[in-house]
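Peer 1: Please see the structure below; I have some questions.
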Amino acid sequence: MATLAGELGFIGLIGETKSVMSDGMENSQAKRIRNFSIIAHIDHGKSTLADRLLELTGTLRREEMVEQVLDSMDLERERGITIKAHAATMLYRARDGQDYVLNLIDTPGHVDFSYEVSRSLAACEGALLVVDASQGVEAQTISNLYLALENNLTIVPIINKIDLSVAQIDAVKRQLVELLGVDPDEILLVSAKTGQGVEEVLEAIVRRIPPPRGEATQPLRALVFDSVFNSYRGAIAYVRVFEGSVGTGDRIRFFSTGKEYLVDEVGILRLGYHPRERLSAGEVGYIVAGIKEVADTRVGDTITRADFPAEEPLPGFREAKPMIFAGLFPAASEGFEELRSALEKLRLNDAALSFEPESSLALGFGFRCGFLGLLHMEIVQERLEREFGLDLVTTVPNVRYRVRTRKGRVMEVDNPAKLPPPGEIDRIEEPYVEAVIIVPSEYIGAVMQLVQERRGIYLNTQYLDPTRAELHYEIPLSEIIFDFYDKLKSVTRGYGSLDYEFKGYREGALQKLDILINGEPVDALSVIVHRDKAYEYGRKVCQKLRELIPRQLFQVAIQAAIGSRVIARETIQPLRKNVTAKCYGGDVTRKRKLLEKQREGKKRMKQFGKVEIPQEAFLAVLRVE
Amino acid sequence: MKGMSRAAAIYIHVPFCLRKCPYCDFYSVVWKNGWVELYLSALLAELDLRLDSVDGPISSVYFGGGTPSLLSPEAIGRILTRLRQLLPFASEVEVTLECNPSANARADFFRALLQAGVNRLSIGVQSFQDLNLKKLGRIHDASEALRAVREARRAGFENVSVDLIYGIPNQRMSEWLRDLQLAVSEGATHISAYELTVEPGTALSKWVEKGLVRLPGPDRVAEFYLRAHELLTESGFEHYEVSNYSLPGFRCRHNEGYWRRTPYLGLGPSAHSFFRNCRSWNWRDLRKYCSLLESGRLPLESKEELSSSQELTERVFLGLRTRDGVEIDSLAPGPELPARLRAVAEEYREHLELDDGRIRPTALGMLVAEELALRLIRAALEENGARPEPSGFSA
């Protein structure tokens, strides 16, 4: 499936490149390299600025420009986010008359992918920090900034969208001065849309961001910051070479898996693959080595030479751990194979997506999938529906719980139905995050109330400026993953922004809530819920089911229970009449057709013991708060 | 088997009414003198054309409509004579005429009908209460209704059926019971007790849409049904179909044919037929009917050949309307009752009985016959091809 940068092919190859960059660059030319990234809060103009840089450096001619060319997927463009990191090597003749190689490493712009962001940043020496002049500093401005500082990047502060009439340049300047401790004069004023100030950005990159260090003679250490799957060449690793060099014919080894491969090709990325003989210390590019899966080219991993290996990998590698889980089921049971095949195709390019088969009495055969976060899940869902045309049922997402049994065993449970019986449980722990919420001061009260309802623990408040506060909370992840962001936007009239980071597991008064129909638990509807919320949730579900389950020929008892204790119940009275008064010769055809239609309708019912439950009922409940 | 696929009953649709009842969706036009003769000659022409669909012996003839009693006894006699001339008749044939309790429903009129060959009357009483009759838009009143039944008996009709309706807006249970009691005591040998049903396109449906009338809810209607069952069975009537009760020996043979899917030939505009596993029907248009036949063509609007699963569907839902139920072998061939069918029947002990190779509904069962039918049909059809689990799955 060719959707990502790796399959873009060769767009806008500029003839001059070859003469400027000779094959097998000398190390002395490393000082003409600048590796940088652009970091910003969502919609602050990161992609537009990237487009301008590409344009200005002649990497892409204006006519070939598809707006925000680096966001190749429709989905990315639509949502205004970057899902996969891309990189582009640009050539720039600076005012000093020298030619420089500017490697832009684009970063995924969402909190779900902060690990990927941090590894992309680790590949750089500097970062352009972009802030929207009409919005000011927001949650991800800060979280991305922290990541950049953690990686010791030189920051070039930029205020974007200065062309807007509602731009508040001075106020935002003050915010940045406060945040970074920089001189106001160091802040660049830019309109990526009109191109104003962009030339200065290029100059600033050259002058302020340091060149890479590292010797080409040392053992190879290259950082994998991304990878794409190409159906002809396998997984292609995007790397930043820190020390040593790598070229065709070399035998490389990945530190995390220990696997070795023979290099087919290396090169640089200029909106397409441009092969080179070697990549050396300080350079950014790609490696093709017959690697079967992107799962083998893990972000943050270090590549070294098998025959001349480095002693230690580059720091910061982490296995991408899924944070939230949901069941994905085909709406019609015949769709199982299609779903499996679609998920496998998606995984080719998404090493963070995990899935395994799951069966549910209520929903049939499907998969339990692990995602980095809610956005990741939504993107996967949308892609499955849009690109593969699948009709899906998704369960309410849940987090992974850690359960300690009385016998001392520790197990990780990501499916509430798999929780051991209450008698065996010593305690349940749930993941907590530290959430940063930035709001105008007048909404602080509303936010505090919202977070309290969600079991948030207040940490502290800082003020970005007299009108904007930065609130820090510790809150269970399970309270955030479902509609918290929407509620936050709603109580703050859209001004609130959210970012969060995993903090650890904490014990909670958590229990498994079962929904029983005529005494039998319906596995797909089981949830793990906090004791304080159990009653309300149970009551709502029972009511919803009562509305949606049609009358049967017998009474239907709907109950919500914790263990053996029933905490809510509803009853559906039996159907007493379902027959047409008259059915003589001329009525038979019409009546039969009606029954045939009803029979089709019943096919969408799930049989649960004697009770027939329409799929809509499951969907409604599984999506309820 | 081949012989059995030809018609053994005749239905004649008489499409004339004095006035259209707001709840009725049978085809009829307002009676006009000139049209009757045209209709009669067209009818006989149709019979001539379709003789070969019919095999004997004819065991029942049914005049439905409309208001068949608008035809003169002489006209009815003519039709019956012609039928007897052209077709073999069984030794005992049930000949039913539907009639309304109108001004001419008197003993001498009924005697003339007897002479013409009619031996069963179905009187459209609907109710013996004036108020209810008004709500139903009937043109007779309670006293006329009562008189019609009495006169029919007086004229010598042994086999008299009375139609009654329940579920009328604001109808009291006491009124309903009284209607039933009267029919019984006036000597009806057969009672059809119908729930008032809203058919699309009728005046009643428009009133309901506009909120001008409110019908009782299904649970209330069920009560009416059950009280009727109680009263009538206690009075010696057999509840042999959802809406039909009869004294022993007085079941309506013709209607039973519908539920047992025996073949029949339907004549007249909008009439349906069923033979050779094929259902067909005539145009719902008197003018078109007549002109087609005048030019020697069949007045057939459409037909459908039944597939085996359609056949099965019909057997089940029609069978479950009757106390006699469905024959299990007809659903799934084989000596042993398939486990799934048995399972369904046993799940609904209150509604279904397993008895001598048949699944029979109880009175409660008949009331939910369609729900039961759906479940049984599902079980029967999935018998021959249970759906497999996805391959390679190990949960």
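Residues in the structure tokens are named by chain (A, B, ... in the order shown) and by number from 1 within that chain; ligands are numbered from 1 in the order shown.
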For chain A versus chain B, which residues have an atom no more than 6 Å away, and what is each residue's nearest atom pair and distance in Å rounded to one decimal, using only C-alpha atoms, chain-then-number order, as CSV?

Peer 2:
```
residue,atom,partner,partner_atom,distance
A:Lys577,CA,B:Val368,CA,5.0
A:Asn578,CA,B:Val368,CA,4.3
A:Val579,CA,B:Glu370,CA,5.3
A:Ala581,CA,B:Tyr194,CA,5.5
A:Gly585,CA,B:Tyr258,CA,5.6
A:Gly586,CA,B:His272,CA,5.2
```

Peer 1: Using N, CA, C and O atoms, can you export the residues from the last selection as a short mmCIF file (atom, residue, chain, number, x, y, z; two decimals), in the first residue's frame?

Peer 2:
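File written: result_38.cif
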```cif
data_model
loop_
_atom_site.label_atom_id
_atom_site.label_comp_id
_atom_site.auth_asym_id
_atom_site.auth_seq_id
_atom_site.Cartn_x
_atom_site.Cartn_y
_atom_site.Cartn_z
N LYS A 577 -48.48 -9.29 21.89
CA LYS A 577 -49.25 -9.36 20.65
C LYS A 577 -48.35 -9.04 19.47
O LYS A 577 -47.69 -8.02 19.43
N ASN A 578 -48.32 -9.96 18.52
CA ASN A 578 -47.59 -9.70 17.28
C ASN A 578 -48.16 -10.59 16.18
O ASN A 578 -47.59 -11.60 15.82
N VAL A 579 -49.33 -10.19 15.72
CA VAL A 579 -49.95 -10.97 14.64
C VAL A 579 -50.93 -10.05 13.91
O VAL A 579 -51.49 -9.14 14.49
N ALA A 581 -54.47 -9.28 12.15
CA ALA A 581 -55.82 -9.78 12.40
C ALA A 581 -56.33 -10.68 11.26
O ALA A 581 -56.84 -11.76 11.49
N GLY A 585 -56.47 -15.13 1.35
CA GLY A 585 -55.71 -15.37 0.13
C GLY A 585 -54.89 -14.20 -0.35
O GLY A 585 -53.68 -14.29 -0.58
N GLY A 586 -55.55 -13.05 -0.48
CA GLY A 586 -54.85 -11.92 -1.06
C GLY A 586 -53.82 -11.29 -0.15
O GLY A 586 -53.00 -10.47 -0.57
#
```

Peer 1: I need the strand (DSSP E or B) residues of range 29-210 of chain B per DSSP on the backbone, written as a ChimeraX atom specification.

Peer 2: /B:29-30,54,58-65,89-99,120-126,159-166,190-195

Peer 1: If we count only C-alpha atoms, what is near Asn160 in chain A at a cut-off of 12 Å, once residues fewer than 2 positions away on the same chain are taken out, given as an mmCIF file with C-alpha atoms, in the first residue's frame?

Peer 2:
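Saved to part-v1.cif:
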```
data_model
loop_
_atom_site.group_PDB
_atom_site.id
_atom_site.type_symbol
_atom_site.label_atom_id
_atom_site.label_comp_id
_atom_site.auth_asym_id
_atom_site.auth_seq_id
_atom_site.Cartn_x
_atom_site.Cartn_y
_atom_site.Cartn_z
ATOM 1 C CA ALA A 40 4.806 23.908 17.536
ATOM 2 C CA HIS A 41 1.343 23.487 18.936
ATOM 3 C CA ASP A 43 -2.281 24.562 13.760
ATOM 4 C CA HIS A 44 0.401 27.105 14.595
ATOM 5 C CA GLY A 45 1.800 26.837 11.103
ATOM 6 C CA LYS A 46 4.535 24.268 11.290
ATOM 7 C CA SER A 47 3.718 22.672 7.968
ATOM 8 C CA THR A 48 3.245 25.929 6.140
ATOM 9 C CA LEU A 49 6.625 27.102 7.331
ATOM 10 C CA LEU A 128 12.554 26.170 15.301
ATOM 11 C CA LEU A 129 9.954 26.910 17.937
ATOM 12 C CA VAL A 130 6.898 28.280 16.161
ATOM 13 C CA VAL A 131 4.124 30.108 17.958
ATOM 14 C CA ASP A 132 0.949 31.462 16.386
ATOM 15 C CA ALA A 133 0.795 35.199 16.920
ATOM 16 C CA SER A 134 -2.953 35.101 17.485
ATOM 17 C CA GLN A 135 -2.936 32.155 19.915
ATOM 18 C CA GLY A 136 0.253 32.530 21.872
ATOM 19 C CA VAL A 137 2.037 29.764 23.720
ATOM 20 C CA PRO A 157 12.019 31.220 18.550
ATOM 21 C CA ILE A 158 9.624 32.245 15.783
ATOM 22 C CA ILE A 162 2.086 37.988 11.926
ATOM 23 C CA ASP A 163 -0.030 38.843 8.899
ATOM 24 C CA LEU A 164 -3.225 38.232 10.826
ATOM 25 C CA ALA A 167 -1.983 38.996 15.871
ATOM 26 C CA GLN A 168 -0.744 40.034 19.277
ATOM 27 C CA ILE A 169 2.930 40.145 18.596
ATOM 28 C CA VAL A 172 3.454 36.689 22.519
ATOM 29 C CA LYS A 173 6.969 38.076 22.484
ATOM 30 C CA ILE A 187 12.638 36.306 18.229
ATOM 31 C CA LEU A 188 11.954 36.100 14.513
ATOM 32 C CA LEU A 189 8.716 37.509 13.159
ATOM 33 C CA VAL A 190 7.372 35.499 10.280
ATOM 34 C CA SER A 191 4.377 34.925 8.097
ATOM 35 C CA ALA A 192 4.745 31.504 6.543
ATOM 36 C CA LYS A 193 1.683 32.221 4.475
ATOM 37 C CA THR A 194 3.055 35.345 2.787
ATOM 38 C CA GLY A 195 6.691 34.397 3.067
ATOM 39 C CA GLN A 196 7.588 37.399 5.165
ATOM 40 C CA GLY A 197 10.649 36.823 7.330
ATOM 41 C CA VAL A 198 11.300 33.320 6.056
ATOM 42 C CA VAL A 201 14.777 31.981 9.344
#
```

Peer 1: What does the distance from CA of Thr461 in chain A to CA of Ala435 in chain A come to in Å, to one decimal?

Peer 2: 11.7 Å

Peer 1: Rounded to one decimal in Å, what is the spacing between CA of Val246 in chain A and CA of Gly126 in chain A?

Peer 2: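 Value for the CA of Val246 in chain A-CA of Gly126 in chain A distance: 23.7 Å.
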
Peer 1: Rank A:Ala524, A:Leu269, A:Ala88, A:Leu56 by their smallest atom-to-atom distance to Glu358 in chain A, using only C-alpha atoms, and report the top residue only.

Peer 2: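 Using only C-alpha atoms, the shortest distance to Glu358 in chain A belongs to A:Ala524.
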
Peer 1: Just give me the gap between CA of Tyr495 in chain A and CA of Ile142 in chain A in Å, one decimal is fine.

Peer 2: 15.8 Å

Peer 1: Taking into account only C-alpha atoms, which residue in the set A:Leu328, A:Val239, A:Leu384, A:Ile425 is nearest to Pro357 in chain A?

Peer 2: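 Checking each of A:Leu328, A:Val239, A:Leu384, A:Ile425 against Pro357 in chain A, counting only C-alpha atoms, the winner is A:Leu328.
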
Peer 1: Identify which of the residues B:Ala183, B:Leu293, B:Val316, B:Leu376 lies closest to Arg342 in chain B, counting only C-alpha atoms when measuring atom-to-atom distances.

Peer 2: B:Leu376

Peer 1: Enumerate, as an NGL selection string, the complete set of residues in range 337-565 of chain A that a backbone-based DSSP assignment places in alpha helix (DSSP H).

Peer 2: :A and (337-348 or 374-387 or 444-453 or 477-480 or 484-491 or 531-548)

Peer 1: How would the residues just picked look written out with C-alpha atoms as a PDB file, in the first residue's frame?

Peer 2:
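Heads up, here's the output in result.pdb:
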```pdb
ATOM      1  CA  GLU A 337     -10.846 -11.761   7.273  1.00  0.00           C
ATOM      2  CA  GLU A 338     -11.058  -8.412   5.589  1.00  0.00           C
ATOM      3  CA  LEU A 339     -10.411  -6.696   8.893  1.00  0.00           C
ATOM      4  CA  ARG A 340      -7.468  -8.920   9.661  1.00  0.00           C
ATOM      5  CA  SER A 341      -5.897  -8.268   6.304  1.00  0.00           C
ATOM      6  CA  ALA A 342      -6.454  -4.519   6.608  1.00  0.00           C
ATOM      7  CA  LEU A 343      -4.873  -4.386  10.064  1.00  0.00           C
ATOM      8  CA  GLU A 344      -1.873  -6.300   8.796  1.00  0.00           C
ATOM      9  CA  LYS A 345      -1.451  -3.822   5.981  1.00  0.00           C
ATOM     10  CA  LEU A 346      -1.665  -0.900   8.365  1.00  0.00           C
ATOM     11  CA  ARG A 347       0.887  -2.444  10.652  1.00  0.00           C
ATOM     12  CA  LEU A 348       3.391  -2.490   7.828  1.00  0.00           C
ATOM     13  CA  LEU A 374      -6.832   8.231  21.388  1.00  0.00           C
ATOM     14  CA  LEU A 375      -5.732  10.068  18.266  1.00  0.00           C
ATOM     15  CA  HIS A 376      -3.790   7.061  17.145  1.00  0.00           C
ATOM     16  CA  MET A 377      -6.887   4.961  17.587  1.00  0.00           C
ATOM     17  CA  GLU A 378      -9.089   7.390  15.721  1.00  0.00           C
ATOM     18  CA  ILE A 379      -6.641   7.550  12.863  1.00  0.00           C
ATOM     19  CA  VAL A 380      -6.472   3.783  12.581  1.00  0.00           C
ATOM     20  CA  GLN A 381     -10.246   3.553  12.675  1.00  0.00           C
ATOM     21  CA  GLU A 382     -10.653   6.191  10.009  1.00  0.00           C
ATOM     22  CA  ARG A 383      -8.079   4.611   7.780  1.00  0.00           C
ATOM     23  CA  LEU A 384      -9.751   1.228   8.103  1.00  0.00           C
ATOM     24  CA  GLU A 385     -13.091   2.744   7.204  1.00  0.00           C
ATOM     25  CA  ARG A 386     -11.879   5.031   4.474  1.00  0.00           C
ATOM     26  CA  GLU A 387      -8.998   3.273   2.805  1.00  0.00           C
ATOM     27  CA  ILE A 444      -9.871  28.097  35.619  1.00  0.00           C
ATOM     28  CA  GLY A 445     -12.907  27.339  37.774  1.00  0.00           C
ATOM     29  CA  ALA A 446     -14.649  25.347  35.057  1.00  0.00           C
ATOM     30  CA  VAL A 447     -11.519  23.355  34.352  1.00  0.00           C
ATOM     31  CA  MET A 448     -10.909  22.616  37.995  1.00  0.00           C
ATOM     32  CA  GLN A 449     -14.424  21.290  38.323  1.00  0.00           C
ATOM     33  CA  LEU A 450     -14.097  19.139  35.253  1.00  0.00           C
ATOM     34  CA  VAL A 451     -10.810  17.634  36.346  1.00  0.00           C
ATOM     35  CA  GLN A 452     -12.103  16.992  39.831  1.00  0.00           C
ATOM     36  CA  GLU A 453     -15.032  15.065  38.384  1.00  0.00           C
ATOM     37  CA  LEU A 477      -5.439   7.992  32.042  1.00  0.00           C
ATOM     38  CA  SER A 478      -8.766   6.199  31.839  1.00  0.00           C
ATOM     39  CA  GLU A 479     -10.525   9.437  32.692  1.00  0.00           C
ATOM     40  CA  ILE A 480      -8.854  11.248  29.842  1.00  0.00           C
ATOM     41  CA  PHE A 484     -12.196  14.515  28.161  1.00  0.00           C
ATOM     42  CA  TYR A 485     -10.636  16.630  25.484  1.00  0.00           C
ATOM     43  CA  ASP A 486     -14.045  17.432  23.991  1.00  0.00           C
ATOM     44  CA  LYS A 487     -15.410  18.403  27.380  1.00  0.00           C
ATOM     45  CA  LEU A 488     -12.397  20.558  28.049  1.00  0.00           C
ATOM     46  CA  LYS A 489     -12.901  22.378  24.796  1.00  0.00           C
ATOM     47  CA  SER A 490     -16.545  22.767  25.631  1.00  0.00           C
ATOM     48  CA  VAL A 491     -16.126  24.281  29.111  1.00  0.00           C
ATOM     49  CA  ARG A 531     -16.227   2.642  42.808  1.00  0.00           C
ATOM     50  CA  ASP A 532     -17.642   6.184  42.941  1.00  0.00           C
ATOM     51  CA  LYS A 533     -18.809   6.025  39.371  1.00  0.00           C
ATOM     52  CA  ALA A 534     -20.130   2.509  39.304  1.00  0.00           C
ATOM     53  CA  TYR A 535     -23.716   3.214  40.202  1.00  0.00           C
ATOM     54  CA  GLU A 536     -24.283   5.977  37.721  1.00  0.00           C
ATOM     55  CA  TYR A 537     -22.646   4.127  34.903  1.00  0.00           C
ATOM     56  CA  GLY A 538     -24.584   0.964  35.662  1.00  0.00           C
ATOM     57  CA  ARG A 539     -27.868   2.806  35.802  1.00  0.00           C
ATOM     58  CA  LYS A 540     -27.283   4.586  32.502  1.00  0.00           C
ATOM     59  CA  VAL A 541     -26.362   1.415  30.705  1.00  0.00           C
ATOM     60  CA  CYS A 542     -29.381  -0.463  31.988  1.00  0.00           C
ATOM     61  CA  GLN A 543     -31.671   2.338  30.884  1.00  0.00           C
ATOM     62  CA  LYS A 544     -30.128   2.534  27.468  1.00  0.00           C
ATOM     63  CA  LEU A 545     -30.469  -1.191  26.955  1.00  0.00           C
ATOM     64  CA  ARG A 546     -34.050  -1.152  28.052  1.00  0.00           C
ATOM     65  CA  GLU A 547     -34.802   1.409  25.375  1.00  0.00           C
ATOM     66  CA  LEU A 548     -32.951  -0.408  22.662  1.00  0.00           C
TER      67      LEU A 548
END
```

Peer 1: Compile the contact shell of range 283-292 of chain A as a list of chain:residue names: residues with an atom at most 7 Å away, counting only C-alpha atoms, same-chain residues fewer than 2 positions apart removed.

Peer 2: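 The residues satisfying every condition are A:Asn103, A:Arg233, A:Gly234, A:Ala235, A:Ile236, A:Ala237, A:Tyr238, A:Val239, A:Arg240, A:Val241, A:Tyr261, A:Leu262, A:Val263, A:Asp264, A:Glu265, A:Val266, A:Gly267, A:Ile268, A:Leu269, A:Leu279, A:Ser280, A:Ala281.
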
Peer 1: Show which residues sit within 12 Å of Lys288 in chain B, as a PDB file with C-alpha atoms, in the first residue's frame. Count only C-alpha atoms, and ignore same-chain residues fewer than 2 positions away.

Peer 2:
```
ATOM      1  CA  LEU B  38     -70.748  -5.565 -17.281  1.00  0.00           C
ATOM      2  CA  TYR B  39     -69.029  -7.047 -14.299  1.00  0.00           C
ATOM      3  CA  ALA B  42     -66.643 -10.176 -17.572  1.00  0.00           C
ATOM      4  CA  GLY B 268     -62.941 -10.772 -10.358  1.00  0.00           C
ATOM      5  CA  PRO B 269     -60.951  -7.547 -10.025  1.00  0.00           C
ATOM      6  CA  SER B 270     -58.170  -7.717  -7.356  1.00  0.00           C
ATOM      7  CA  ASN B 282     -55.882  -9.585 -11.042  1.00  0.00           C
ATOM      8  CA  TRP B 283     -55.891  -5.832 -11.556  1.00  0.00           C
ATOM      9  CA  ARG B 284     -57.483  -3.765  -8.829  1.00  0.00           C
ATOM     10  CA  ASP B 285     -59.500  -1.887 -11.389  1.00  0.00           C
ATOM     11  CA  LEU B 286     -63.010  -2.778 -12.498  1.00  0.00           C
ATOM     12  CA  CYS B 290     -63.815  -5.574 -17.889  1.00  0.00           C
ATOM     13  CA  SER B 291     -62.081  -4.152 -20.917  1.00  0.00           C
ATOM     14  CA  LEU B 292     -59.278  -6.727 -20.875  1.00  0.00           C
ATOM     15  CA  LEU B 293     -61.759  -9.543 -20.758  1.00  0.00           C
ATOM     16  CA  GLU B 294     -63.833  -7.970 -23.454  1.00  0.00           C
ATOM     17  CA  SER B 295     -60.858  -8.227 -25.757  1.00  0.00           C
ATOM     18  CA  ARG B 297     -57.345 -11.252 -22.520  1.00  0.00           C
ATOM     19  CA  LEU B 298     -56.645 -12.367 -18.997  1.00  0.00           C
ATOM     20  CA  PRO B 299     -56.975  -9.629 -16.357  1.00  0.00           C
ATOM     21  CA  LEU B 300     -53.738 -10.756 -14.689  1.00  0.00           C
ATOM     22  CA  GLU B 301     -51.674  -8.014 -13.068  1.00  0.00           C
TER      23      GLU B 301
END
```
